[in-house]
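A.B. asks: Here you go, this is work_28.cif (mmCIF, N, CA and C atoms).
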data_entry
loop_
_atom_site.label_atom_id
_atom_site.label_comp_id
_atom_site.auth_asym_id
_atom_site.auth_seq_id
_atom_site.Cartn_x
_atom_site.Cartn_y
_atom_site.Cartn_z
N MET A 1 -19.95 43.28 -41.72
CA MET A 1 -19.49 44.67 -41.77
C MET A 1 -18.14 44.72 -42.48
N ALA A 2 -17.97 45.70 -43.33
CA ALA A 2 -16.71 45.86 -44.06
C ALA A 2 -15.61 46.35 -43.12
N GLU A 3 -14.38 46.06 -43.47
CA GLU A 3 -13.24 46.56 -42.71
C GLU A 3 -12.97 47.98 -43.20
N PHE A 4 -12.91 48.95 -42.29
CA PHE A 4 -12.77 50.34 -42.68
C PHE A 4 -11.37 50.89 -42.44
N ARG A 5 -10.43 50.04 -42.06
CA ARG A 5 -9.03 50.44 -41.94
C ARG A 5 -8.19 49.38 -42.60
N ILE A 6 -7.37 49.82 -43.55
CA ILE A 6 -6.49 48.91 -44.27
C ILE A 6 -5.12 49.55 -44.29
N THR A 7 -4.12 48.87 -43.80
CA THR A 7 -2.77 49.41 -43.84
C THR A 7 -2.13 49.10 -45.18
N VAL A 8 -1.13 49.87 -45.54
CA VAL A 8 -0.38 49.62 -46.76
C VAL A 8 0.25 48.23 -46.69
N ALA A 9 0.82 47.88 -45.53
CA ALA A 9 1.46 46.56 -45.38
C ALA A 9 0.45 45.44 -45.62
N ASP A 10 -0.75 45.57 -45.05
CA ASP A 10 -1.78 44.54 -45.25
C ASP A 10 -2.20 44.47 -46.72
N ALA A 11 -2.34 45.62 -47.35
CA ALA A 11 -2.75 45.65 -48.76
C ALA A 11 -1.70 44.98 -49.64
N LEU A 12 -0.42 45.31 -49.42
CA LEU A 12 0.64 44.72 -50.22
C LEU A 12 0.77 43.22 -49.96
N GLN A 13 0.51 42.80 -48.72
CA GLN A 13 0.53 41.36 -48.40
C GLN A 13 -0.57 40.64 -49.17
N ARG A 14 -1.77 41.20 -49.18
CA ARG A 14 -2.87 40.58 -49.93
C ARG A 14 -2.57 40.54 -51.41
N LEU A 15 -1.93 41.57 -51.93
CA LEU A 15 -1.54 41.57 -53.33
C LEU A 15 -0.53 40.46 -53.62
N SER A 16 0.42 40.27 -52.72
CA SER A 16 1.45 39.24 -52.93
C SER A 16 0.87 37.83 -52.88
N GLU A 17 -0.30 37.67 -52.28
CA GLU A 17 -0.94 36.35 -52.16
C GLU A 17 -1.72 35.96 -53.41
N ARG A 18 -1.88 36.89 -54.36
CA ARG A 18 -2.59 36.55 -55.60
C ARG A 18 -1.80 35.49 -56.35
N LYS A 19 -2.49 34.49 -56.82
CA LYS A 19 -1.84 33.39 -57.54
C LYS A 19 -1.94 33.55 -59.06
N ASP A 20 -2.75 34.52 -59.53
CA ASP A 20 -2.98 34.66 -60.96
C ASP A 20 -2.07 35.68 -61.64
N GLY A 21 -1.15 36.29 -60.89
CA GLY A 21 -0.21 37.24 -61.46
C GLY A 21 -0.74 38.65 -61.67
N LYS A 22 -2.02 38.88 -61.40
CA LYS A 22 -2.57 40.23 -61.56
C LYS A 22 -1.96 41.13 -60.50
N ARG A 23 -1.78 42.39 -60.84
CA ARG A 23 -1.06 43.33 -59.98
C ARG A 23 -1.98 44.28 -59.23
N PHE A 24 -3.24 43.88 -59.00
CA PHE A 24 -4.17 44.67 -58.20
C PHE A 24 -5.02 43.72 -57.37
N VAL A 25 -5.58 44.25 -56.30
CA VAL A 25 -6.54 43.48 -55.50
C VAL A 25 -7.53 44.46 -54.87
N GLU A 26 -8.82 44.11 -54.95
CA GLU A 26 -9.84 44.93 -54.30
C GLU A 26 -9.81 44.64 -52.81
N LEU A 27 -9.82 45.71 -52.01
CA LEU A 27 -9.71 45.59 -50.57
C LEU A 27 -10.97 46.00 -49.83
N LEU A 28 -11.78 46.86 -50.45
CA LEU A 28 -12.99 47.36 -49.81
C LEU A 28 -14.01 47.68 -50.88
N GLN A 29 -15.25 47.30 -50.63
CA GLN A 29 -16.35 47.67 -51.51
C GLN A 29 -17.51 48.09 -50.63
N HIS A 30 -18.01 49.31 -50.84
CA HIS A 30 -19.10 49.84 -50.03
C HIS A 30 -19.91 50.78 -50.91
N GLY A 31 -21.14 50.39 -51.24
CA GLY A 31 -21.94 51.19 -52.16
C GLY A 31 -21.23 51.28 -53.49
N THR A 32 -21.05 52.50 -53.99
CA THR A 32 -20.35 52.66 -55.27
C THR A 32 -18.84 52.78 -55.09
N LEU A 33 -18.38 52.77 -53.84
CA LEU A 33 -16.95 52.92 -53.56
C LEU A 33 -16.24 51.57 -53.65
N SER A 34 -15.13 51.54 -54.38
CA SER A 34 -14.27 50.38 -54.44
C SER A 34 -12.84 50.85 -54.24
N VAL A 35 -12.11 50.22 -53.31
CA VAL A 35 -10.72 50.59 -53.03
C VAL A 35 -9.84 49.40 -53.34
N GLU A 36 -8.78 49.66 -54.10
CA GLU A 36 -7.82 48.62 -54.49
C GLU A 36 -6.41 49.10 -54.19
N ILE A 37 -5.48 48.15 -54.19
CA ILE A 37 -4.05 48.48 -54.25
C ILE A 37 -3.60 48.00 -55.63
N TYR A 38 -2.78 48.80 -56.29
CA TYR A 38 -2.29 48.48 -57.63
C TYR A 38 -0.79 48.69 -57.64
N ALA A 39 -0.05 47.71 -58.14
CA ALA A 39 1.41 47.79 -58.18
C ALA A 39 1.92 47.17 -59.47
N PRO A 40 1.83 47.92 -60.58
CA PRO A 40 2.30 47.38 -61.86
C PRO A 40 3.81 47.16 -61.83
N ARG A 41 4.27 46.24 -62.63
CA ARG A 41 5.70 45.98 -62.74
C ARG A 41 6.07 45.97 -64.22
N GLY A 42 7.06 46.77 -64.58
CA GLY A 42 7.54 46.81 -65.94
C GLY A 42 6.72 47.69 -66.86
N ARG A 43 5.45 47.36 -67.02
CA ARG A 43 4.56 48.08 -67.96
C ARG A 43 3.17 48.16 -67.36
N ASP A 44 2.52 49.29 -67.54
CA ASP A 44 1.14 49.48 -67.08
C ASP A 44 0.23 49.35 -68.29
N ALA A 45 -0.54 48.28 -68.34
CA ALA A 45 -1.39 47.99 -69.51
C ALA A 45 -2.85 48.37 -69.28
N GLN A 46 -3.11 49.35 -68.43
CA GLN A 46 -4.49 49.76 -68.16
C GLN A 46 -5.20 50.26 -69.42
N THR A 47 -6.48 50.07 -69.42
CA THR A 47 -7.35 50.67 -70.44
C THR A 47 -8.33 51.58 -69.70
N PRO A 48 -9.02 52.48 -70.41
CA PRO A 48 -9.95 53.38 -69.73
C PRO A 48 -11.00 52.61 -68.92
N HIS A 49 -11.36 53.18 -67.78
CA HIS A 49 -12.36 52.57 -66.90
C HIS A 49 -13.72 53.24 -67.09
N THR A 50 -14.76 52.56 -66.67
CA THR A 50 -16.11 53.05 -66.87
C THR A 50 -16.60 53.95 -65.75
N ARG A 51 -15.79 54.09 -64.69
CA ARG A 51 -16.17 54.94 -63.55
C ARG A 51 -15.04 55.91 -63.25
N ASP A 52 -15.36 57.01 -62.58
CA ASP A 52 -14.33 57.94 -62.14
C ASP A 52 -13.37 57.22 -61.21
N GLU A 53 -12.12 57.68 -61.22
CA GLU A 53 -11.07 56.96 -60.51
C GLU A 53 -10.08 57.96 -59.93
N ALA A 54 -9.62 57.67 -58.72
CA ALA A 54 -8.57 58.47 -58.10
C ALA A 54 -7.44 57.53 -57.66
N TYR A 55 -6.23 58.03 -57.73
CA TYR A 55 -5.06 57.30 -57.26
C TYR A 55 -4.39 58.13 -56.17
N ILE A 56 -3.87 57.46 -55.16
CA ILE A 56 -2.99 58.08 -54.18
C ILE A 56 -1.71 57.26 -54.19
N VAL A 57 -0.60 57.91 -54.51
CA VAL A 57 0.67 57.21 -54.64
C VAL A 57 1.20 56.87 -53.24
N VAL A 58 1.41 55.58 -53.00
CA VAL A 58 1.95 55.10 -51.72
C VAL A 58 3.47 55.17 -51.76
N GLN A 59 4.03 54.61 -52.82
CA GLN A 59 5.48 54.59 -52.97
C GLN A 59 5.81 54.53 -54.45
N GLY A 60 7.02 54.96 -54.79
CA GLY A 60 7.47 54.96 -56.17
C GLY A 60 7.28 56.32 -56.81
N SER A 61 7.83 56.43 -58.02
CA SER A 61 7.73 57.68 -58.77
C SER A 61 7.80 57.37 -60.26
N GLY A 62 7.49 58.36 -61.06
CA GLY A 62 7.51 58.19 -62.50
C GLY A 62 6.70 59.29 -63.15
N HIS A 63 6.03 58.94 -64.24
CA HIS A 63 5.15 59.88 -64.94
C HIS A 63 3.79 59.23 -65.14
N PHE A 64 2.76 60.07 -65.16
CA PHE A 64 1.39 59.60 -65.32
C PHE A 64 0.81 60.27 -66.56
N ILE A 65 0.35 59.45 -67.50
CA ILE A 65 -0.33 59.93 -68.69
C ILE A 65 -1.82 59.97 -68.36
N ASN A 66 -2.43 61.14 -68.53
CA ASN A 66 -3.85 61.34 -68.22
C ASN A 66 -4.45 62.10 -69.39
N GLY A 67 -5.08 61.34 -70.32
CA GLY A 67 -5.55 61.96 -71.54
C GLY A 67 -4.35 62.40 -72.36
N SER A 68 -4.31 63.67 -72.71
CA SER A 68 -3.20 64.20 -73.51
C SER A 68 -2.10 64.81 -72.64
N GLU A 69 -2.25 64.72 -71.32
CA GLU A 69 -1.27 65.34 -70.42
C GLU A 69 -0.36 64.30 -69.79
N ARG A 70 0.85 64.73 -69.45
CA ARG A 70 1.85 63.87 -68.80
C ARG A 70 2.36 64.63 -67.57
N HIS A 71 2.30 63.97 -66.39
CA HIS A 71 2.69 64.62 -65.15
C HIS A 71 3.67 63.73 -64.39
N PRO A 72 4.70 64.33 -63.76
CA PRO A 72 5.53 63.55 -62.84
C PRO A 72 4.71 63.27 -61.58
N PHE A 73 5.04 62.17 -60.89
CA PHE A 73 4.37 61.86 -59.63
C PHE A 73 5.36 61.23 -58.66
N GLY A 74 4.99 61.29 -57.38
CA GLY A 74 5.79 60.69 -56.33
C GLY A 74 4.92 60.37 -55.13
N PRO A 75 5.51 59.82 -54.07
CA PRO A 75 4.75 59.42 -52.89
C PRO A 75 3.89 60.55 -52.34
N GLY A 76 2.64 60.21 -52.03
CA GLY A 76 1.70 61.16 -51.47
C GLY A 76 0.88 61.91 -52.50
N ASP A 77 1.24 61.84 -53.77
CA ASP A 77 0.50 62.57 -54.79
C ASP A 77 -0.88 61.96 -55.02
N PHE A 78 -1.82 62.82 -55.38
CA PHE A 78 -3.19 62.44 -55.71
C PHE A 78 -3.40 62.67 -57.20
N LEU A 79 -3.94 61.66 -57.89
CA LEU A 79 -4.19 61.75 -59.33
C LEU A 79 -5.65 61.40 -59.59
N PHE A 80 -6.33 62.18 -60.42
CA PHE A 80 -7.74 61.93 -60.74
C PHE A 80 -7.89 61.66 -62.22
N VAL A 81 -8.73 60.67 -62.56
CA VAL A 81 -9.02 60.33 -63.95
C VAL A 81 -10.53 60.20 -64.12
N PRO A 82 -11.15 61.03 -64.96
CA PRO A 82 -12.57 60.87 -65.23
C PRO A 82 -12.84 59.56 -65.99
N ALA A 83 -14.01 59.05 -65.84
CA ALA A 83 -14.41 57.82 -66.55
C ALA A 83 -14.15 57.97 -68.04
N GLY A 84 -13.64 56.90 -68.65
CA GLY A 84 -13.46 56.85 -70.09
C GLY A 84 -12.18 57.47 -70.62
N VAL A 85 -11.36 58.08 -69.77
CA VAL A 85 -10.15 58.74 -70.23
C VAL A 85 -8.97 57.76 -70.24
N GLU A 86 -8.23 57.77 -71.34
CA GLU A 86 -7.02 56.94 -71.47
C GLU A 86 -6.00 57.41 -70.43
N HIS A 87 -5.40 56.46 -69.70
CA HIS A 87 -4.42 56.82 -68.67
C HIS A 87 -3.52 55.63 -68.38
N ARG A 88 -2.31 55.94 -67.88
CA ARG A 88 -1.38 54.88 -67.49
C ARG A 88 -0.15 55.50 -66.82
N PHE A 89 0.55 54.67 -66.07
CA PHE A 89 1.82 55.04 -65.46
C PHE A 89 2.93 54.65 -66.43
N VAL A 90 3.92 55.54 -66.59
CA VAL A 90 5.06 55.26 -67.48
C VAL A 90 6.35 55.66 -66.77
N ASP A 91 7.44 55.06 -67.21
CA ASP A 91 8.77 55.38 -66.67
C ASP A 91 8.76 55.36 -65.14
N PHE A 92 8.12 54.36 -64.56
CA PHE A 92 7.97 54.32 -63.10
C PHE A 92 8.99 53.37 -62.47
N THR A 93 9.25 53.60 -61.19
CA THR A 93 10.19 52.79 -60.43
C THR A 93 9.58 51.42 -60.12
N ASP A 94 10.46 50.46 -59.83
CA ASP A 94 10.02 49.07 -59.59
C ASP A 94 9.21 48.89 -58.32
N ASP A 95 9.20 49.88 -57.45
CA ASP A 95 8.46 49.75 -56.20
C ASP A 95 7.11 50.46 -56.23
N LEU A 96 6.63 50.88 -57.40
CA LEU A 96 5.38 51.63 -57.49
C LEU A 96 4.21 50.87 -56.86
N ALA A 97 3.50 51.55 -55.99
CA ALA A 97 2.25 51.05 -55.41
C ALA A 97 1.32 52.24 -55.20
N VAL A 98 0.07 52.09 -55.60
CA VAL A 98 -0.91 53.17 -55.47
C VAL A 98 -2.23 52.62 -54.93
N TRP A 99 -2.88 53.42 -54.09
CA TRP A 99 -4.27 53.16 -53.75
C TRP A 99 -5.09 53.55 -54.97
N VAL A 100 -6.09 52.77 -55.31
CA VAL A 100 -7.00 53.08 -56.41
C VAL A 100 -8.40 53.19 -55.82
N ILE A 101 -9.08 54.27 -56.12
CA ILE A 101 -10.42 54.50 -55.60
C ILE A 101 -11.36 54.72 -56.79
N PHE A 102 -12.27 53.77 -56.99
CA PHE A 102 -13.33 53.92 -57.98
C PHE A 102 -14.59 54.33 -57.22
N TYR A 103 -15.40 55.20 -57.84
CA TYR A 103 -16.64 55.61 -57.17
C TYR A 103 -17.63 56.12 -58.21
N GLY A 104 -18.85 56.25 -57.77
CA GLY A 104 -19.89 56.85 -58.60
C GLY A 104 -20.46 55.90 -59.64
N PRO A 105 -21.32 56.45 -60.48
CA PRO A 105 -22.03 55.63 -61.46
C PRO A 105 -21.17 55.29 -62.67
N GLU A 106 -21.61 54.29 -63.41
CA GLU A 106 -20.99 53.97 -64.71
C GLU A 106 -21.06 55.23 -65.56
N GLY A 107 -20.00 55.54 -66.27
CA GLY A 107 -19.95 56.75 -67.09
C GLY A 107 -19.43 57.97 -66.35
N GLY A 108 -19.27 57.86 -65.04
CA GLY A 108 -18.71 58.95 -64.24
C GLY A 108 -19.76 59.92 -63.72
N GLU A 109 -19.29 60.81 -62.86
CA GLU A 109 -20.15 61.85 -62.30
C GLU A 109 -20.46 62.87 -63.38
N ALA A 110 -21.62 63.48 -63.28
CA ALA A 110 -22.02 64.51 -64.26
C ALA A 110 -21.35 65.83 -63.94
#
Would you give me this structure, written as structure tokens?
C.D. replies:
Amino acid sequence: MAEFRITVADALQRLSERKDGKRFVELLQHGTLSVEIYAPRGRDAQTPHTRDEAYIVVQGSGHFINGSERHPFGPGDFLFVPAGVEHRFVDFTDDLAVWVIFYGPEGGEA
């Protein structure tokens, strides 16, 4: 059975245990749902994803590029990115951490 409660502290601890230097870790996978913690440092080098994606900002602030739009963000904010759309965090603080939620089919929801 999957674990259905994950604290921010536990997620950040699991991220810190990565030995390969990657700044994300998958914490839950159930059906089409995948939940990760992501904490880029310095630069966010994301490329478009093949599934719809949502972010919930845990800590930190900055700006989020979503397609042709740029939005400020801070703790507690919710950000949505449809599959295939160029997106990234810019001008963000060194403590940035976000929950990442991927769901649905490849190519995104209709």
A.B. asks: Give me the residues within 10 Å of Leu27 (chain A) as a PDB file with N, CA and C atoms, in the frame of the given file, counting only C-alpha atoms and dropping any in the same chain fewer than 5 places off.
C.D. replies:
ATOM      1  N   ALA A   2     -17.970  45.700 -43.330  1.00  0.00           N
ATOM      2  CA  ALA A   2     -16.710  45.860 -44.060  1.00  0.00           C
ATOM      3  C   ALA A   2     -15.610  46.350 -43.120  1.00  0.00           C
ATOM      4  N   GLU A   3     -14.380  46.060 -43.470  1.00  0.00           N
ATOM      5  CA  GLU A   3     -13.240  46.560 -42.710  1.00  0.00           C
ATOM      6  C   GLU A   3     -12.970  47.980 -43.200  1.00  0.00           C
ATOM      7  N   PHE A   4     -12.910  48.950 -42.290  1.00  0.00           N
ATOM      8  CA  PHE A   4     -12.770  50.340 -42.680  1.00  0.00           C
ATOM      9  C   PHE A   4     -11.370  50.890 -42.440  1.00  0.00           C
ATOM     10  N   ARG A   5     -10.430  50.040 -42.060  1.00  0.00           N
ATOM     11  CA  ARG A   5      -9.030  50.440 -41.940  1.00  0.00           C
ATOM     12  C   ARG A   5      -8.190  49.380 -42.600  1.00  0.00           C
ATOM     13  N   ILE A   6      -7.370  49.820 -43.550  1.00  0.00           N
ATOM     14  CA  ILE A   6      -6.490  48.910 -44.270  1.00  0.00           C
ATOM     15  C   ILE A   6      -5.120  49.550 -44.290  1.00  0.00           C
ATOM     16  N   ASP A  10      -0.750  45.570 -45.050  1.00  0.00           N
ATOM     17  CA  ASP A  10      -1.780  44.540 -45.250  1.00  0.00           C
ATOM     18  C   ASP A  10      -2.200  44.470 -46.720  1.00  0.00           C
ATOM     19  N   ALA A  11      -2.340  45.620 -47.350  1.00  0.00           N
ATOM     20  CA  ALA A  11      -2.750  45.650 -48.760  1.00  0.00           C
ATOM     21  C   ALA A  11      -1.700  44.980 -49.640  1.00  0.00           C
ATOM     22  N   ARG A  14      -1.770  41.200 -49.180  1.00  0.00           N
ATOM     23  CA  ARG A  14      -2.870  40.580 -49.930  1.00  0.00           C
ATOM     24  C   ARG A  14      -2.570  40.540 -51.410  1.00  0.00           C
ATOM     25  N   LEU A  15      -1.930  41.570 -51.930  1.00  0.00           N
ATOM     26  CA  LEU A  15      -1.540  41.570 -53.330  1.00  0.00           C
ATOM     27  C   LEU A  15      -0.530  40.460 -53.620  1.00  0.00           C
ATOM     28  N   SER A  34     -15.130  51.540 -54.380  1.00  0.00           N
ATOM     29  CA  SER A  34     -14.270  50.380 -54.440  1.00  0.00           C
ATOM     30  C   SER A  34     -12.840  50.850 -54.240  1.00  0.00           C
ATOM     31  N   VAL A  35     -12.110  50.220 -53.310  1.00  0.00           N
ATOM     32  CA  VAL A  35     -10.720  50.590 -53.030  1.00  0.00           C
ATOM     33  C   VAL A  35      -9.840  49.400 -53.340  1.00  0.00           C
ATOM     34  N   GLU A  36      -8.780  49.660 -54.100  1.00  0.00           N
ATOM     35  CA  GLU A  36      -7.820  48.620 -54.490  1.00  0.00           C
ATOM     36  C   GLU A  36      -6.410  49.100 -54.190  1.00  0.00           C
ATOM     37  N   ILE A  37      -5.480  48.150 -54.190  1.00  0.00           N
ATOM     38  CA  ILE A  37      -4.050  48.480 -54.250  1.00  0.00           C
ATOM     39  C   ILE A  37      -3.600  48.000 -55.630  1.00  0.00           C
ATOM     40  N   TRP A  99      -2.880  53.420 -54.090  1.00  0.00           N
ATOM     41  CA  TRP A  99      -4.270  53.160 -53.750  1.00  0.00           C
ATOM     42  C   TRP A  99      -5.090  53.550 -54.970  1.00  0.00           C
ATOM     43  N   VAL A 100      -6.090  52.770 -55.310  1.00  0.00           N
ATOM     44  CA  VAL A 100      -7.000  53.080 -56.410  1.00  0.00           C
ATOM     45  C   VAL A 100      -8.400  53.190 -55.820  1.00  0.00           C
TER      46      VAL A 100
END
A.B. asks: Which residue gives the smallest distance to Pro48 (chain A) among A:Glu17, A:Gly60, A:Pro72, A:Val85, with only N, CA and C atoms counted?
C.D. replies: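 Between A:Glu17, A:Gly60, A:Pro72, A:Val85, the residue approaching Pro48 (chain A) most closely is A:Val85.
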A.B. asks: When the PyMOL selection byres (((chain A and resi 47 and name CA) around 10) and name CA) is applied to the file above, which residues end up in the set, as a PyMOL selection string?
C.D. replies: chain A and resi 44-46+48-50+84-88
A.B. asks: For the atom pair CA of Val90 (chain A) and CA of Gln13 (chain A), what is the interatomic distance in Å to one decimal place?
C.D. replies: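 Distance reported for this atom pair: 24.0 Å.
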A.B. asks: What is the CA of His63 (chain A)-CA of Val25 (chain A) distance in Å, reported with one decimal?
C.D. replies: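 Computed distance, CA of His63 (chain A) to CA of Val25 (chain A), equals 22.2 Å.
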A.B. asks: What do you get, as a list in words, if you spell out every residue that the PyMOL selection byres (((chain A and resi 75 and name CA) around 7) and name CA) selects here?
C.D. replies: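 This file gives the following for the PyMOL selection byres (((chain A and resi 75 and name CA) around 7) and name CA): Val57, Val58, Gln59, Gly60, Ser61, Gly74, Gly76 and Asp77 of chain A.
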A.B. asks: Name the residues of region 59-94 of chain A that fall into strand (DSSP E or B) according to DSSP on the backbone, using the chain letters and numbers of this document, as a ChimeraX atom specification.
C.D. replies: /A:59,62-66,69-73,78-81,87-90
A.B. asks: Export N, CA and C atoms of the chosen residues as an mmCIF file, keeping the file's coordinate frame?
C.D. replies:
data_model
loop_
_atom_site.group_PDB
_atom_site.id
_atom_site.type_symbol
_atom_site.label_atom_id
_atom_site.label_comp_id
_atom_site.auth_asym_id
_atom_site.auth_seq_id
_atom_site.Cartn_x
_atom_site.Cartn_y
_atom_site.Cartn_z
ATOM 1 N N GLN A 59 4.030 54.610 -52.820
ATOM 2 C CA GLN A 59 5.480 54.590 -52.970
ATOM 3 C C GLN A 59 5.810 54.530 -54.450
ATOM 4 N N GLY A 62 7.490 58.360 -61.060
ATOM 5 C CA GLY A 62 7.510 58.190 -62.500
ATOM 6 C C GLY A 62 6.700 59.290 -63.150
ATOM 7 N N HIS A 63 6.030 58.940 -64.240
ATOM 8 C CA HIS A 63 5.150 59.880 -64.940
ATOM 9 C C HIS A 63 3.790 59.230 -65.140
ATOM 10 N N PHE A 64 2.760 60.070 -65.160
ATOM 11 C CA PHE A 64 1.390 59.600 -65.320
ATOM 12 C C PHE A 64 0.810 60.270 -66.560
ATOM 13 N N ILE A 65 0.350 59.450 -67.500
ATOM 14 C CA ILE A 65 -0.330 59.930 -68.690
ATOM 15 C C ILE A 65 -1.820 59.970 -68.360
ATOM 16 N N ASN A 66 -2.430 61.140 -68.530
ATOM 17 C CA ASN A 66 -3.850 61.340 -68.220
ATOM 18 C C ASN A 66 -4.450 62.100 -69.390
ATOM 19 N N GLU A 69 -2.250 64.720 -71.320
ATOM 20 C CA GLU A 69 -1.270 65.340 -70.420
ATOM 21 C C GLU A 69 -0.360 64.300 -69.790
ATOM 22 N N ARG A 70 0.850 64.730 -69.450
ATOM 23 C CA ARG A 70 1.850 63.870 -68.800
ATOM 24 C C ARG A 70 2.360 64.630 -67.570
ATOM 25 N N HIS A 71 2.300 63.970 -66.390
ATOM 26 C CA HIS A 71 2.690 64.620 -65.150
ATOM 27 C C HIS A 71 3.670 63.730 -64.390
ATOM 28 N N PRO A 72 4.700 64.330 -63.760
ATOM 29 C CA PRO A 72 5.530 63.550 -62.840
ATOM 30 C C PRO A 72 4.710 63.270 -61.580
ATOM 31 N N PHE A 73 5.040 62.170 -60.890
ATOM 32 C CA PHE A 73 4.370 61.860 -59.630
ATOM 33 C C PHE A 73 5.360 61.230 -58.660
ATOM 34 N N PHE A 78 -1.820 62.820 -55.380
ATOM 35 C CA PHE A 78 -3.190 62.440 -55.710
ATOM 36 C C PHE A 78 -3.400 62.670 -57.200
ATOM 37 N N LEU A 79 -3.940 61.660 -57.890
ATOM 38 C CA LEU A 79 -4.190 61.750 -59.330
ATOM 39 C C LEU A 79 -5.650 61.400 -59.590
ATOM 40 N N PHE A 80 -6.330 62.180 -60.420
ATOM 41 C CA PHE A 80 -7.740 61.930 -60.740
ATOM 42 C C PHE A 80 -7.890 61.660 -62.220
ATOM 43 N N VAL A 81 -8.730 60.670 -62.560
ATOM 44 C CA VAL A 81 -9.020 60.330 -63.950
ATOM 45 C C VAL A 81 -10.530 60.200 -64.120
ATOM 46 N N HIS A 87 -5.400 56.460 -69.700
ATOM 47 C CA HIS A 87 -4.420 56.820 -68.670
ATOM 48 C C HIS A 87 -3.520 55.630 -68.380
ATOM 49 N N ARG A 88 -2.310 55.940 -67.880
ATOM 50 C CA ARG A 88 -1.380 54.880 -67.490
ATOM 51 C C ARG A 88 -0.150 55.500 -66.820
ATOM 52 N N PHE A 89 0.550 54.670 -66.070
ATOM 53 C CA PHE A 89 1.820 55.040 -65.460
ATOM 54 C C PHE A 89 2.930 54.650 -66.430
ATOM 55 N N VAL A 90 3.920 55.540 -66.590
ATOM 56 C CA VAL A 90 5.060 55.260 -67.480
ATOM 57 C C VAL A 90 6.350 55.660 -66.770
#
A.B. asks: Mind giving me the straight-line distance from CA of Val98 (chain A) to atom C of Pro82 (chain A) in Å, one decimal?
C.D. replies: 17.1 Å
A.B. asks: On this structure, the PyMOL selection byres ((chain A and resi 54) around 8) would catch which residues? List them as a PyMOL selection string, sorted by chain and number.
C.D. replies: chain A and resi 51-53+55-57+78-82+98-103
A.B. asks: For a cut-off of 6.5 Å around (3.1, 48.5, -60.4), file coordinates, pick out all residues using all atoms listed in the file and list them as a ChimeraX atom specification.
C.D. replies: /A:38-42,94-97
A.B. asks: Write only N, CA and C atoms for region 66-80 of chain A from the block just shown, as a PDB file, in the first residue's frame.
C.D. replies:
ATOM      1  N   ASN A  66       5.209  30.701 -17.570  1.00  0.00           N
ATOM      2  CA  ASN A  66       4.247  29.681 -17.977  1.00  0.00           C
ATOM      3  C   ASN A  66       3.777  30.052 -19.374  1.00  0.00           C
ATOM      4  N   GLY A  67       4.407  29.418 -20.390  1.00  0.00           N
ATOM      5  CA  GLY A  67       4.133  29.817 -21.761  1.00  0.00           C
ATOM      6  C   GLY A  67       4.669  31.220 -21.975  1.00  0.00           C
ATOM      7  N   SER A  68       3.818  32.126 -22.418  1.00  0.00           N
ATOM      8  CA  SER A  68       4.242  33.506 -22.668  1.00  0.00           C
ATOM      9  C   SER A  68       3.988  34.414 -21.462  1.00  0.00           C
ATOM     10  N   GLU A  69       3.499  33.850 -20.363  1.00  0.00           N
ATOM     11  CA  GLU A  69       3.161  34.661 -19.193  1.00  0.00           C
ATOM     12  C   GLU A  69       4.207  34.519 -18.097  1.00  0.00           C
ATOM     13  N   ARG A  70       4.334  35.568 -17.292  1.00  0.00           N
ATOM     14  CA  ARG A  70       5.265  35.585 -16.150  1.00  0.00           C
ATOM     15  C   ARG A  70       4.471  36.035 -14.928  1.00  0.00           C
ATOM     16  N   HIS A  71       4.525  35.236 -13.845  1.00  0.00           N
ATOM     17  CA  HIS A  71       3.754  35.530 -12.645  1.00  0.00           C
ATOM     18  C   HIS A  71       4.657  35.492 -11.416  1.00  0.00           C
ATOM     19  N   PRO A  72       4.462  36.411 -10.459  1.00  0.00           N
ATOM     20  CA  PRO A  72       5.148  36.276  -9.178  1.00  0.00           C
ATOM     21  C   PRO A  72       4.511  35.114  -8.410  1.00  0.00           C
ATOM     22  N   PHE A  73       5.287  34.483  -7.528  1.00  0.00           N
ATOM     23  CA  PHE A  73       4.737  33.413  -6.694  1.00  0.00           C
ATOM     24  C   PHE A  73       5.365  33.467  -5.310  1.00  0.00           C
ATOM     25  N   GLY A  74       4.670  32.844  -4.363  1.00  0.00           N
ATOM     26  CA  GLY A  74       5.153  32.749  -2.996  1.00  0.00           C
ATOM     27  C   GLY A  74       4.533  31.546  -2.309  1.00  0.00           C
ATOM     28  N   PRO A  75       4.874  31.320  -1.040  1.00  0.00           N
ATOM     29  CA  PRO A  75       4.386  30.158  -0.305  1.00  0.00           C
ATOM     30  C   PRO A  75       2.865  30.035  -0.351  1.00  0.00           C
ATOM     31  N   GLY A  76       2.407  28.821  -0.619  1.00  0.00           N
ATOM     32  CA  GLY A  76       0.979  28.525  -0.677  1.00  0.00           C
ATOM     33  C   GLY A  76       0.361  28.688  -2.047  1.00  0.00           C
ATOM     34  N   ASP A  77       1.063  29.304  -2.986  1.00  0.00           N
ATOM     35  CA  ASP A  77       0.494  29.510  -4.318  1.00  0.00           C
ATOM     36  C   ASP A  77       0.384  28.197  -5.086  1.00  0.00           C
ATOM     37  N   PHE A  78      -0.624  28.136  -5.938  1.00  0.00           N
ATOM     38  CA  PHE A  78      -0.881  26.996  -6.818  1.00  0.00           C
ATOM     39  C   PHE A  78      -0.622  27.437  -8.249  1.00  0.00           C
ATOM     40  N   LEU A  79       0.157  26.639  -8.987  1.00  0.00           N
ATOM     41  CA  LEU A  79       0.498  26.949 -10.375  1.00  0.00           C
ATOM     42  C   LEU A  79       0.149  25.741 -11.243  1.00  0.00           C
ATOM     43  N   PHE A  80      -0.499  25.967 -12.377  1.00  0.00           N
ATOM     44  CA  PHE A  80      -0.883  24.880 -13.276  1.00  0.00           C
ATOM     45  C   PHE A  80      -0.199  25.054 -14.620  1.00  0.00           C
TER      46      PHE A  80
END
